[in-house]
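K.L.:
Take a look at the following structure, please.
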Amino acid sequence: MSEISAAWLARRLKKEGEKVVAYFSTLTDEQWQTEVYTEGETWTIRNVLAHFVTSERGLLILFERIRQGGPGAADDFSIDRYNASQQQKTRSLTAQELLEQYIVVRGNAVEWVSGLSEEELVIEGRHPFLGQVQLVEMIKMLYLHNQIHFRDFRKLVE
């Protein structure tokens with residue numbers, strides 16, 4: 001069994017999500033356009049928030065499929081291709097609309113994780129980045145993923 005409970009993970013996701021929302025809520029229109037990543041496709045802070053929304057939404061679907069006994073991500077799944085397609089789908093959304101979607105998506109994640117049993121946390125499946133791991137590791141990556149990106153752009157606007 002995992003040493004980390006679903007309740008602990010849910011609290012961690014909630015707290016990290018609140019920090020992200022608080023930070024994004026203070027950005028000016030100019031700051032939203034700050035370039036964060038320039039390798040390949042250029043991503044602004046707005047693009048990173050779109051990435052938070054779409055990746056978490058997709059991962060929650062994947063996690064539920066794994067919980068129900070599915071294998072997880074396909075062997076040929078391309079994170080880069082997925083991210084590019086999701087950026088295209090969210091192009092027309094404003095930063096405020098993305099922030100509202102993030103609040104909903106993160107709320108859904110907290111609720112879903114809160115409902116997991118200890119036995120479900122150790123179900124294994126294939127994560128698109130981590131490979132074959134337990135759900136507990138996938139869930140931890142939800143908040144670590146955001147923290148990594150957050151660290152990358154936070155220093156650019158301070």
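By order in the structure tokens, chains are A, B, ...; within a chain, residues start at 1; ligands start at 1, following the order shown.
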Write down as a list in words the residues belonging to range 35-141 of chain A that are assigned strand (DSSP E) by DSSP computed on the backbone.
P.N.:
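Strand (DSSP E) assignments inside range 35-141 of chain A correspond to Glu35, Val36, Tyr37, Trp43, Thr44, Glu124, Gly125, Arg126, His127, Gly131, Gln132, Val133 and Gln134 of chain A.
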K.L.:
Considering only C-alpha atoms, give me a table of residues in range 69-97 of chain A that are at most 12 Å from range 6-25 of chain A, with the closest atom pair and distance in Å for each, as a Markdown table.
P.N.:
| residue | atom | partner | partner_atom | distance |
| --- | --- | --- | --- | --- |
| A:Ala95 | CA | A:Phe24 | CA | 8.8 |
| A:Gln96 | CA | A:Ser25 | CA | 8.3 |
| A:Glu97 | CA | A:Ser25 | CA | 11.6 |
K.L.:
Kindly save the residues from that selection, with N, CA and C atoms included, as an mmCIF file, in the first residue's frame.
P.N.:
data_model
loop_
_atom_site.group_PDB
_atom_site.id
_atom_site.type_symbol
_atom_site.label_atom_id
_atom_site.label_comp_id
_atom_site.auth_asym_id
_atom_site.auth_seq_id
_atom_site.Cartn_x
_atom_site.Cartn_y
_atom_site.Cartn_z
ATOM 1 N N ALA A 95 -7.274 34.525 -21.711
ATOM 2 C CA ALA A 95 -6.581 34.100 -20.498
ATOM 3 C C ALA A 95 -7.592 33.887 -19.368
ATOM 4 N N GLN A 96 -8.579 34.761 -19.257
ATOM 5 C CA GLN A 96 -9.590 34.626 -18.205
ATOM 6 C C GLN A 96 -10.411 33.355 -18.396
ATOM 7 N N GLU A 97 -10.778 33.042 -19.627
ATOM 8 C CA GLU A 97 -11.524 31.805 -19.887
ATOM 9 C C GLU A 97 -10.693 30.577 -19.532
#
K.L.:
Which parts of chain A does DSSP call alpha helix (DSSP H) when run on the backbone here, written out as a PyMOL selection string?
P.N.:
chain A and resi 6-25+29-32+45-67+79-89+95-114+118-121+135-157
K.L.:
Just want the 10 Å neighbourhood of Ser55 in chain A, counted on only C-alpha atoms, with same-chain residues fewer than 3 positions away dropped. Output as a list in words.
P.N.:
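With the cut-off at 10 Å, the set is Leu49, Ala50, His51, Phe52, Gly58, Leu59, Leu60, Ile79, Tyr82, Asn83, Gln86, Val105, Leu142 and His145 of chain A.
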K.L.:
I'd like the contact shell of His127 in chain A - 9 Å cut-off, only C-alpha atoms, skipping same-chain residues fewer than 5 positions apart - returned as a short mmCIF file (atom, residue, chain, number, x, y, z; two decimals) with N, CA and C atoms, in the first residue's frame.
P.N.:
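Saved the output as result.cif:
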data_model
loop_
_atom_site.label_atom_id
_atom_site.label_comp_id
_atom_site.auth_asym_id
_atom_site.auth_seq_id
_atom_site.Cartn_x
_atom_site.Cartn_y
_atom_site.Cartn_z
N LEU A 59 -5.38 13.93 -18.64
CA LEU A 59 -4.83 12.97 -17.69
C LEU A 59 -5.90 12.41 -16.76
N LEU A 62 -7.51 9.67 -18.58
CA LEU A 62 -6.59 8.54 -18.60
C LEU A 62 -6.55 7.83 -17.24
N PHE A 63 -6.46 8.60 -16.17
CA PHE A 63 -6.40 8.02 -14.83
C PHE A 63 -7.64 7.20 -14.52
N GLY A 72 -3.67 2.31 -19.86
CA GLY A 72 -3.08 3.65 -19.81
C GLY A 72 -2.77 4.16 -21.20
N ALA A 73 -1.79 5.04 -21.29
CA ALA A 73 -1.43 5.67 -22.57
C ALA A 73 -0.91 4.62 -23.55
N ALA A 74 -1.23 4.82 -24.80
CA ALA A 74 -0.74 3.92 -25.86
C ALA A 74 0.77 4.06 -26.00
N GLN A 132 5.30 3.13 -17.04
CA GLN A 132 4.49 2.23 -16.22
C GLN A 132 4.70 2.55 -14.73
N VAL A 133 3.68 3.14 -14.10
CA VAL A 133 3.76 3.51 -12.69
C VAL A 133 2.38 3.38 -12.04
N GLN A 134 2.36 3.51 -10.72
CA GLN A 134 1.11 3.47 -9.97
C GLN A 134 0.38 4.81 -10.10
N LEU A 135 -0.94 4.76 -9.91
CA LEU A 135 -1.75 5.99 -9.96
C LEU A 135 -1.23 7.04 -8.99
N MET A 138 1.30 9.06 -10.67
CA MET A 138 0.70 9.89 -11.72
C MET A 138 0.05 11.12 -11.11
#
K.L.:
For range 14-94 of chain A against range 114-122 of chain A, with a cut-off of 12 Å and counting only C-alpha atoms, what is the closest atom pair and its distance in Å to one decimal for every residue that makes the cut, ordered by chain and number, as JSON lines?
P.N.:
{"residue": "A:Lys14", "atom": "CA", "partner": "A:Ser114", "partner_atom": "CA", "distance": 10.6}
{"residue": "A:Phe63", "atom": "CA", "partner": "A:Leu121", "partner_atom": "CA", "distance": 10.3}
{"residue": "A:Glu64", "atom": "CA", "partner": "A:Leu116", "partner_atom": "CA", "distance": 10.2}
{"residue": "A:Arg65", "atom": "CA", "partner": "A:Glu120", "partner_atom": "CA", "distance": 11.8}
{"residue": "A:Ile66", "atom": "CA", "partner": "A:Glu120", "partner_atom": "CA", "distance": 9.4}
{"residue": "A:Arg67", "atom": "CA", "partner": "A:Glu120", "partner_atom": "CA", "distance": 6.5}
{"residue": "A:Gln68", "atom": "CA", "partner": "A:Glu120", "partner_atom": "CA", "distance": 9.3}
{"residue": "A:Gly69", "atom": "CA", "partner": "A:Glu120", "partner_atom": "CA", "distance": 10.2}
K.L.:
Tell me which of A:Glu100, A:Trp112, A:Val48, A:Ser92 sits closest to Ile148 in chain A, counting only C-alpha atoms.
P.N.:
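Of all the options, A:Val48 lies closest to Ile148 in chain A.
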K.L.:
Between A:Arg106, A:Lys155, A:Arg81, A:Arg46, which is the closest to Gln33 in chain A once you count only C-alpha atoms?
P.N.:
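Closest candidate: A:Arg46.
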